[in-house]
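The structure appears right after this line, and notes come after that.
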Amino acid sequence: MAVVPVQACPLHPPGLWDGLLELTKSAQERNSDPPLWAVQLSSSLKSAGVSMPSPELAHLLVSHICWANNVAIMWKFLEKAVSCRIAPPMLVLALLSCRVIPNRRLYPSAYRLYMELLKRHIFSFASEINGPNHQRIMKSIDDVLHLSQIFGLQVCEPGTLVVEFVFSIVWQFLDASLDDEGLLELIPEKKSKWPTWSQDMDIDGQDSFNEKRTDHQEGMCKTNTVMAIELIGEILQNKITSKILYLARRNMFSHWGSFIQRLRVLAANSTALRSSKHISPDSLLQLTSDTRIVLTRECKTNLQKHFHAVVASGSLTSSAGQCHGVSWSALWLPIDMFLEDAMDGSQVVATSAVETLTGLVKALQAVNGTSWHNTFLGLWIAALRLVQRERDPSEGPVPRLDTCLCMLLSITPLAIVNIIEEEESTMNDEAGLCPPNQRKEKQMSVNRRKDLISSLQLLGDYEGLLTVPQSLSLAANQAAAKSMMFVSGLAPGSGYLDCMTMNDLPINCSGNLRHLIIEACIARNLLDTSAYFWPGNVNGRSNQLPRSVPGPMSGWSSLMKGSPLTPPMINILVSTPASSLAEIEKIYEIAVNGSDDEKISAAAVLCGASLVRGWNLQEHTVFFITKLLSPPVPADHSGTDSHLIGYAPFLNVLLVGISNVDCIQIYSLHGLVPQLAGALMPICEVFGSCAPKVSWTLTTGEEISSHLVFSNAFNLLLRLWKFNHPPLEHVMGDVPPVRSVLTPEYLLLVRNCQLSTSGNTAMDPFKYRRPSRFSSPSSTEPIIMDSFPKLKLWYRQHQACIASTLSGLVHGTPVHQVVDAILHMMFRKINRSGQPLTPTASGSSNSSNSGPEDASLRLKLPAWDILEAIPFVLDAALTACAHGRVSPRELATGLKDIADFLPASMATIASYFSAEVTRGIWKPAFMNGTDWPSPAANLSMVEQQIKKILAETGVDVPSLAAVGSSPATLPLPLAALVSLTITYKLDRTTERLLTVVGPALNTLAAGCPWPCMPIIASLWAQKVKRWADYIIFSASRTVFHHKSDAVVQLLKRCFTVTLGLNSSPVCGNGVGALLGHGFGSHYSGGMSPVAPGILYLRVHRDVRDVMFMTEVVLSLLMQSVRDIASCGLPKEKLEKLKKTKYGMRYGQVSLAAAMTRVKLAASLSASIVWVSGGSSLVQSLIKETLPSWFISVHESEQEGAETGEMAAMLGGYALAYFAILCGTFAWGVDLMSPDSKRRPKVLGAHLEFLANALDGKISLGCDWCTWRAYVPAFVTLLVGCTPAWIPEVDVEVLKRMSKGLRQWNEEELAIALLGLGGIKAMGAAAELIIESG
């Protein structure tokens, strides 16, 4: 690089620089004292009006020295000019680096002097960025080193150029050292990024030091190399320059990666580095390692130091925490809440639980600051607690044990796969930049997989959580036997375990849930078979295992060896889950390419045990079933009919096979609901458009029609988008719903998005799914509702029916004729009188003369035509009943006839009656046992059971005594719907219908006045006794639907039991108290009280005004903090305790213990908000609720100044945790969450509010101590836990925040915030680092 010559400035006197050069030469010849020379030089510059430090002078002096005057006195003059700030230090160093480093071998003494000069002045930059001429100086430096060109940054801020300058200096020393030892050949580029050797070097040139290539010079060169390497270490270690280089590391990724690559080459191969007495290869690498924290998070006040100690420890196992009753497991309470909420069958979600759980676990690990060992252990324990709560489930149309086991053994391992593969992928990318001899070492440093192993080894100590539910004993014992066989040297497989029964297993070969977890992890390559040898994993002996398999080989192993699908084998395959991906692929191939009978048998196998309990392959099984629902067009297909018609028996087996409640929830957990909906819609469209003229006979002898296939597909589709919710949400309340409402359009939108990203490693929502030969979807083409005109027409009618009363039925139209035919079928026994049952619009004198046979013939119509007429039929039937022309019993019988004729009509019946109830235009029906069924026999029992269920909440249950003294009443449409449902006996066929209408009935009754739901529960409990617990529990939930204060009381109870603020210590606390251990009348003592957390998780979706929940939760959080500060004691006891000899100890209230409980309170609060409203409610909280709370005045409820101040500060910390946890739950800690796109706007708005308040632009109403604690705590958590968020915030907001923090003496925090702000904030961060010193 050529030195830029001194340019004459038109403002300077002519000959100024020549005169200064003569002055310098004269002083050099006289060997003048450097201070005297400096005074003379400074005086001359001042007289000439030249501001100092002068860039021109720097050019002048360096050009004079290099190389005609490379003498000691000139280096002294140069050092004095720099020290006195006559010449700018950075520019001098930049100029020297371009001249000295390339000529270091020719002039080793100059190189030594240059490094000494650098040591003195590279660590001080304050005058460079704030002094006179700083813009000219910076431009000169850029021109000399070509920094903008090399690093590609065009930012003109001085701080940015300082970062580039320091980085370039260190890099030049590094490349020079590599060059000196001949190591440049080991880097991919094979050359230096900087000039390390002068191209025009004159070996015989004049050297005032008479430096010839002697042994002395060679020795000096070697010493210089060591010194240069040590100088690199000093720069990396210095407080200021290390932070500046950290900015380069964060914002100049590719350049930093190349730099680190070269540094590793040096560390691995440098002889000079090994000979250094001041730095070693390991310590040099440590200075640039990921574990070195450069931008610290220290705070100044004592309470803040305690706060950071708690943040850093991330542990709730302290003795203080234990003495206050908070267990270690409470750290993971949000996971427990999420898992339990996912079990609610009333909500099917469109996104994968794997992705949600992955983000949640990463968020908690970051905020809690725990190791991955503890994180994985907490995750397993939470999943095990979920299973234990459902080990003895009550029956009902809700997900139960199989869904819980899916969460434990499929979803949880897949989430861990995501977490571990994320780290290993990053490590592999970094290892690719390393020399080959370091890649193995780099790959060995992967920690998460090791932490998973250690967490699973420790999990064996939790025996109570590992107890196997009775229905799972065989699977657990087989897993234990497999371990025993492996340890004993036997080869498991070959059909051995397929044929093994409970009687074949050794007595002490008892498995537990850890055996199943280990199998799940081995199947997904998270563990290897060495896990079988872990202590305690095998509790039997090899000689206790039978040495031969009784009977012929059967099951999956036989299938893999080519055995045909015989009925006995099919029964085995249906009842035994596949154990490998190859087995599932084999049965899928048969379902695609086999004969018609084989296809049907294979479909039955896939929908059997492999779907429900094939946890190790479940993600593949649900995917394959979804693909099979969209079969390809056969090669020999012809005609205008859809090819799907020919697949009717095959499709019906699949539809029935996945209609189970647990199966639907398993689909939901795996995120395949959108794709399932996309597969069901064509089936509905095709079979709903077919007249039932053709039927198919199954191998079982059952005959099916197009109506049945349509009904099974249609009812399944409706369950995916919860058609039963819209009526109340459309009609009741004036607050728009916050939660996402699933609609057919939305499901298709998500489906199209999922398929568009399929195969994209970064964006594929199913990237955790292992590769398969059949992993490609059936079609990646987008689907819209317009593709299904019949379905779209029905959906529009459905919405219109909800929004307003019926209209538009015209006499003589095809719809009118279908209405008449259906009415004649419904009321054929009473219709012989000739009196029309239809309203005037549809009635006619001759329509009633048609006989039942004629009506049946006229209903040989496509299902869509019948569904279009159903609302008009229901309107006519309900009107006839209201006017006494049809009795309630006849109405119920007629409705059942419709549902039996076309099961798909059940959803329309439920939807229509729900809409009619909300309109309030029908007279009540008296449930007196004569006209309508009476609930009197069970009503008092239901009331007592409801009171037992709600016993722990403190919520009053309205009395049903008044109902007992007079006949109970229900709105007529509701009475009709209830009467219809109780006409069914519960069996496998009717259960599919009841799972459609049951939730709709619950939703409808919950919105009706009390005691509608208890009345319905009494009627159902008489008829469907197996579902009694579920029905009565559903009735108990309606108490909260009618009174918002009951919901507040329930939430208050959640806080009380979780934090252990009970008046009695026997009440328990933590996760166990919040979520309980299951419930039902099968427990000892009858129906048990339901834990408050379970009640809230089953109630919150029906709370109309979700927005007010954030205010309630915020209020309860602050009240809990006050209780924690006073240890939850009443005022009298608190004052009395303070007066005792333990008062001083008590008054200190172990801050660590208090912070532990505060953190738990914040965690509970964030969990409630996130579960209740998702990212939308979190957005409302951070953007609106929190700012509103800070500017509002709150009544002081603290007792005493000391406790009040502590409560206020703890309140600030609690709010900080609350806000950060909510954000991480909703948006994730990185950029991978689908909802992260909303984060910049919301976070930016909140930080702007904080900045405005710090600037004094906003008046605050909250306690100053709370505000003073909140801001640093929030920023600390932002910096330490979610650094990826900060670059998304506007840099001006970050600068204002940083300025405000500095005013509070939070220098380190201000630097950290700016330092993480990305390339745009890098300059400001560097300037702040320099100013802070």
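The way I read the labels, and the way they are meant: chains A, B, ... in the order of the structure tokens, residue 1 as the first residue of every chain, and ligand 1 as the first ligand shown, with later ones counted on from there.
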Discussion item. Env of segment 706-715 of chain A: 9 Å cut, atoms = only C-alpha atoms, seq-sep filter 3 positions within chain, self excluded. Answer as JSON, numbers by chain.
Written reply: {"A": [645, 648, 649, 651, 652, 655, 656, 659, 680, 681, 683, 684, 685, 686, 687, 688, 689, 690, 691, 692, 693, 694, 695, 696, 718, 719, 720, 862, 863, 901, 902, 903, 904, 905, 906, 907, 992, 993, 996]}
Using C-alpha atoms, can you export the residues from the last selection as a PDB file, in the first residue's frame?
```pdb
ATOM      1  CA  ILE A 645     -65.173 -43.496  -6.363  1.00  0.00           C
ATOM      2  CA  ALA A 648     -64.516 -46.047  -1.645  1.00  0.00           C
ATOM      3  CA  PRO A 649     -63.987 -49.155   0.574  1.00  0.00           C
ATOM      4  CA  LEU A 651     -60.940 -44.710   1.855  1.00  0.00           C
ATOM      5  CA  ASN A 652     -63.703 -45.651   4.272  1.00  0.00           C
ATOM      6  CA  LEU A 655     -61.577 -42.506   7.540  1.00  0.00           C
ATOM      7  CA  VAL A 656     -63.019 -44.763  10.216  1.00  0.00           C
ATOM      8  CA  SER A 659     -61.815 -40.912  13.528  1.00  0.00           C
ATOM      9  CA  LEU A 680     -60.536 -34.754   3.070  1.00  0.00           C
ATOM     10  CA  MET A 681     -61.996 -31.930   0.996  1.00  0.00           C
ATOM     11  CA  ILE A 683     -63.309 -36.815  -0.821  1.00  0.00           C
ATOM     12  CA  CYS A 684     -66.199 -34.728   0.514  1.00  0.00           C
ATOM     13  CA  GLU A 685     -66.631 -32.954  -2.796  1.00  0.00           C
ATOM     14  CA  VAL A 686     -66.693 -36.170  -4.845  1.00  0.00           C
ATOM     15  CA  PHE A 687     -68.741 -38.468  -2.615  1.00  0.00           C
ATOM     16  CA  GLY A 688     -71.103 -35.668  -1.607  1.00  0.00           C
ATOM     17  CA  SER A 689     -71.886 -35.126  -5.267  1.00  0.00           C
ATOM     18  CA  CYS A 690     -72.773 -38.797  -5.888  1.00  0.00           C
ATOM     19  CA  ALA A 691     -76.264 -40.202  -5.597  1.00  0.00           C
ATOM     20  CA  PRO A 692     -76.245 -43.380  -3.449  1.00  0.00           C
ATOM     21  CA  LYS A 693     -77.008 -45.663  -6.378  1.00  0.00           C
ATOM     22  CA  VAL A 694     -73.924 -47.804  -5.898  1.00  0.00           C
ATOM     23  CA  SER A 695     -72.915 -49.624  -2.751  1.00  0.00           C
ATOM     24  CA  TRP A 696     -69.868 -51.651  -1.772  1.00  0.00           C
ATOM     25  CA  LEU A 718     -65.717 -30.518  10.561  1.00  0.00           C
ATOM     26  CA  ARG A 719     -63.963 -31.730  13.694  1.00  0.00           C
ATOM     27  CA  LEU A 720     -60.711 -30.256  12.394  1.00  0.00           C
ATOM     28  CA  PRO A 862     -76.350 -36.454  -3.561  1.00  0.00           C
ATOM     29  CA  ALA A 863     -75.491 -35.649   0.043  1.00  0.00           C
ATOM     30  CA  PHE A 901     -80.078 -41.680   6.969  1.00  0.00           C
ATOM     31  CA  LEU A 902     -77.206 -39.214   6.475  1.00  0.00           C
ATOM     32  CA  PRO A 903     -74.803 -39.085   9.448  1.00  0.00           C
ATOM     33  CA  ALA A 904     -73.226 -35.954   7.983  1.00  0.00           C
ATOM     34  CA  SER A 905     -76.437 -34.089   8.823  1.00  0.00           C
ATOM     35  CA  MET A 906     -75.648 -34.323  12.550  1.00  0.00           C
ATOM     36  CA  ALA A 907     -73.233 -31.400  12.310  1.00  0.00           C
ATOM     37  CA  ARG A 992     -68.192 -41.143  16.064  1.00  0.00           C
ATOM     38  CA  LEU A 993     -71.454 -39.205  15.845  1.00  0.00           C
ATOM     39  CA  VAL A 996     -69.226 -34.514  16.602  1.00  0.00           C
TER      40      VAL A 996
END
```
Discussion item. Which residues are close to His798 of chain A, i.e. within 10 Å by only C-alpha atoms, leaving aside same-chain residues fewer than 4 positions away? Reply as a PyMOL selection string.
Written reply: chain A and resi 723+792-794+802-803+867-868+871+908+911-912
Keeping C-alpha atoms, export the residues of the selection given above as a tab-separated table (two decimals), in the first residue's frame.
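The resulting selection-v3.tsv:
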```tsv
chain	number	residue	atom	x	y	z
A	723	PHE	CA	-67.54	-25.88	13.48
A	792	LYS	CA	-67.91	-23.83	-0.57
A	793	LEU	CA	-71.66	-23.47	-1.18
A	794	TRP	CA	-72.46	-25.45	1.95
A	802	ILE	CA	-75.38	-18.60	11.86
A	803	ALA	CA	-75.67	-14.92	11.04
A	867	LEU	CA	-77.47	-30.94	3.45
A	868	GLU	CA	-78.67	-27.83	1.65
A	871	PRO	CA	-81.75	-26.17	7.81
A	908	THR	CA	-75.78	-29.24	10.50
A	911	SER	CA	-75.01	-25.93	14.16
A	912	TYR	CA	-78.57	-24.86	13.30
```
Filtered DSSP result for segment 966-1042 of chain A, state alpha helix (DSSP H), as a PDB file with C-alpha atoms, in the first residue's frame:
```
ATOM      1  CA  LEU A 972     -86.584 -25.370  22.719  1.00  0.00           C
ATOM      2  CA  PRO A 973     -83.772 -25.911  20.176  1.00  0.00           C
ATOM      3  CA  LEU A 974     -81.425 -26.998  22.970  1.00  0.00           C
ATOM      4  CA  ALA A 975     -84.034 -29.379  24.382  1.00  0.00           C
ATOM      5  CA  ALA A 976     -84.450 -30.879  20.920  1.00  0.00           C
ATOM      6  CA  LEU A 977     -80.715 -31.325  20.494  1.00  0.00           C
ATOM      7  CA  VAL A 978     -80.345 -32.965  23.923  1.00  0.00           C
ATOM      8  CA  SER A 979     -83.276 -35.268  23.268  1.00  0.00           C
ATOM      9  CA  LEU A 980     -81.655 -36.319  19.998  1.00  0.00           C
ATOM     10  CA  THR A 981     -78.305 -37.121  21.576  1.00  0.00           C
ATOM     11  CA  ARG A 988     -68.139 -47.689  18.452  1.00  0.00           C
ATOM     12  CA  THR A 989     -70.417 -46.551  15.626  1.00  0.00           C
ATOM     13  CA  THR A 990     -72.467 -43.978  17.500  1.00  0.00           C
ATOM     14  CA  GLU A 991     -69.387 -42.701  19.334  1.00  0.00           C
ATOM     15  CA  ARG A 992     -68.192 -41.143  16.064  1.00  0.00           C
ATOM     16  CA  LEU A 993     -71.454 -39.205  15.845  1.00  0.00           C
ATOM     17  CA  LEU A 994     -71.428 -38.221  19.507  1.00  0.00           C
ATOM     18  CA  THR A 995     -67.892 -36.897  19.239  1.00  0.00           C
ATOM     19  CA  VAL A 996     -69.226 -34.514  16.602  1.00  0.00           C
ATOM     20  CA  VAL A 997     -72.366 -33.357  18.373  1.00  0.00           C
ATOM     21  CA  GLY A 998     -71.142 -33.686  21.968  1.00  0.00           C
ATOM     22  CA  PRO A 999     -68.640 -30.787  21.925  1.00  0.00           C
ATOM     23  CA  ALA A1000     -71.198 -28.655  20.050  1.00  0.00           C
ATOM     24  CA  LEU A1001     -73.782 -29.391  22.717  1.00  0.00           C
ATOM     25  CA  ASN A1002     -71.290 -28.481  25.454  1.00  0.00           C
ATOM     26  CA  THR A1003     -70.370 -25.238  23.751  1.00  0.00           C
ATOM     27  CA  LEU A1004     -74.015 -24.316  23.269  1.00  0.00           C
ATOM     28  CA  ALA A1005     -75.124 -25.198  26.786  1.00  0.00           C
ATOM     29  CA  ALA A1006     -72.176 -23.361  28.309  1.00  0.00           C
ATOM     30  CA  GLY A1007     -73.414 -20.131  26.756  1.00  0.00           C
ATOM     31  CA  CYS A1012     -78.837 -25.401  31.465  1.00  0.00           C
ATOM     32  CA  MET A1013     -75.566 -27.295  31.546  1.00  0.00           C
ATOM     33  CA  PRO A1014     -76.258 -29.134  34.832  1.00  0.00           C
ATOM     34  CA  ILE A1015     -79.662 -30.125  33.439  1.00  0.00           C
ATOM     35  CA  ILE A1016     -78.038 -31.543  30.323  1.00  0.00           C
ATOM     36  CA  ALA A1017     -75.382 -33.250  32.441  1.00  0.00           C
ATOM     37  CA  SER A1018     -78.106 -34.902  34.494  1.00  0.00           C
ATOM     38  CA  LEU A1019     -79.800 -36.197  31.365  1.00  0.00           C
ATOM     39  CA  TRP A1020     -76.590 -37.445  29.786  1.00  0.00           C
ATOM     40  CA  ALA A1021     -75.324 -39.018  33.013  1.00  0.00           C
ATOM     41  CA  GLN A1022     -78.475 -41.143  33.092  1.00  0.00           C
ATOM     42  CA  LYS A1023     -78.068 -42.281  29.515  1.00  0.00           C
ATOM     43  CA  ALA A1028     -70.499 -39.356  33.602  1.00  0.00           C
ATOM     44  CA  ASP A1029     -67.214 -37.917  34.928  1.00  0.00           C
ATOM     45  CA  TYR A1030     -66.527 -36.058  31.705  1.00  0.00           C
ATOM     46  CA  ILE A1031     -70.101 -34.742  31.492  1.00  0.00           C
ATOM     47  CA  ILE A1032     -70.197 -33.500  35.062  1.00  0.00           C
ATOM     48  CA  PHE A1033     -66.764 -31.930  34.743  1.00  0.00           C
ATOM     49  CA  SER A1034     -67.996 -30.115  31.626  1.00  0.00           C
ATOM     50  CA  ALA A1035     -70.954 -28.864  33.621  1.00  0.00           C
ATOM     51  CA  SER A1036     -68.686 -27.564  36.364  1.00  0.00           C
ATOM     52  CA  ARG A1037     -66.749 -25.485  33.854  1.00  0.00           C
ATOM     53  CA  THR A1038     -69.844 -23.476  32.949  1.00  0.00           C
ATOM     54  CA  VAL A1039     -69.763 -21.828  36.373  1.00  0.00           C
ATOM     55  CA  PHE A1040     -66.873 -19.762  35.048  1.00  0.00           C
ATOM     56  CA  HIS A1041     -68.611 -18.898  31.788  1.00  0.00           C
ATOM     57  CA  HIS A1042     -71.263 -16.819  33.481  1.00  0.00           C
TER      58      HIS A1042
END
```
Worksheet entry | Atomic distance atom CA of Ser914 of chain A - atom CA of Gln799 of chain A, expressed in Å with one decimal | 12.3 Å
Please identify all polymer residues within 7 Å of Arg400 of chain A, counting only C-alpha atoms, omitting same-chain residues fewer than 4 positions from it, and present them as an mmCIF file with all heavy atoms, in the first residue's frame.
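Heads up, here's the output in out_14.cif:
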```
data_model
loop_
_atom_site.group_PDB
_atom_site.id
_atom_site.type_symbol
_atom_site.label_atom_id
_atom_site.label_comp_id
_atom_site.auth_asym_id
_atom_site.auth_seq_id
_atom_site.Cartn_x
_atom_site.Cartn_y
_atom_site.Cartn_z
ATOM 1 N N GLU A 390 -52.829 -38.890 33.678
ATOM 2 C CA GLU A 390 -53.828 -39.605 32.883
ATOM 3 C C GLU A 390 -53.665 -41.115 32.973
ATOM 4 O O GLU A 390 -54.163 -41.836 32.117
ATOM 5 C CB GLU A 390 -53.720 -39.167 31.414
ATOM 6 C CG GLU A 390 -54.260 -37.794 31.135
ATOM 7 C CD GLU A 390 -55.770 -37.704 31.275
ATOM 8 O OE1 GLU A 390 -56.441 -38.757 31.236
ATOM 9 O OE2 GLU A 390 -56.286 -36.579 31.430
ATOM 10 N N PRO A 393 -57.485 -42.788 33.258
ATOM 11 C CA PRO A 393 -58.359 -41.752 32.689
ATOM 12 C C PRO A 393 -59.838 -42.102 32.790
ATOM 13 O O PRO A 393 -60.222 -43.273 32.774
ATOM 14 C CB PRO A 393 -57.912 -41.695 31.231
ATOM 15 C CG PRO A 393 -57.405 -43.069 30.940
ATOM 16 C CD PRO A 393 -56.778 -43.543 32.218
ATOM 17 N N CYS A 404 -51.365 -38.546 25.503
ATOM 18 C CA CYS A 404 -50.284 -38.236 26.448
ATOM 19 C C CYS A 404 -49.022 -39.016 26.106
ATOM 20 O O CYS A 404 -47.906 -38.472 26.149
ATOM 21 C CB CYS A 404 -50.716 -38.553 27.881
ATOM 22 S SG CYS A 404 -52.076 -37.569 28.486
ATOM 23 N N ASP A 662 -58.420 -39.640 20.051
ATOM 24 C CA ASP A 662 -56.974 -39.589 20.242
ATOM 25 C C ASP A 662 -56.242 -39.484 18.908
ATOM 26 O O ASP A 662 -55.222 -38.800 18.808
ATOM 27 C CB ASP A 662 -56.497 -40.835 21.004
ATOM 28 C CG ASP A 662 -56.678 -40.689 22.503
ATOM 29 O OD1 ASP A 662 -56.079 -39.777 23.087
ATOM 30 O OD2 ASP A 662 -57.446 -41.474 23.087
#
```
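Shortest separation to Met115 of chain A among A:Asp597, A:Glu230, A:Asp1290, A:Asp143 occurs at residue A:Glu230, atoms counted being only C-alpha atoms.
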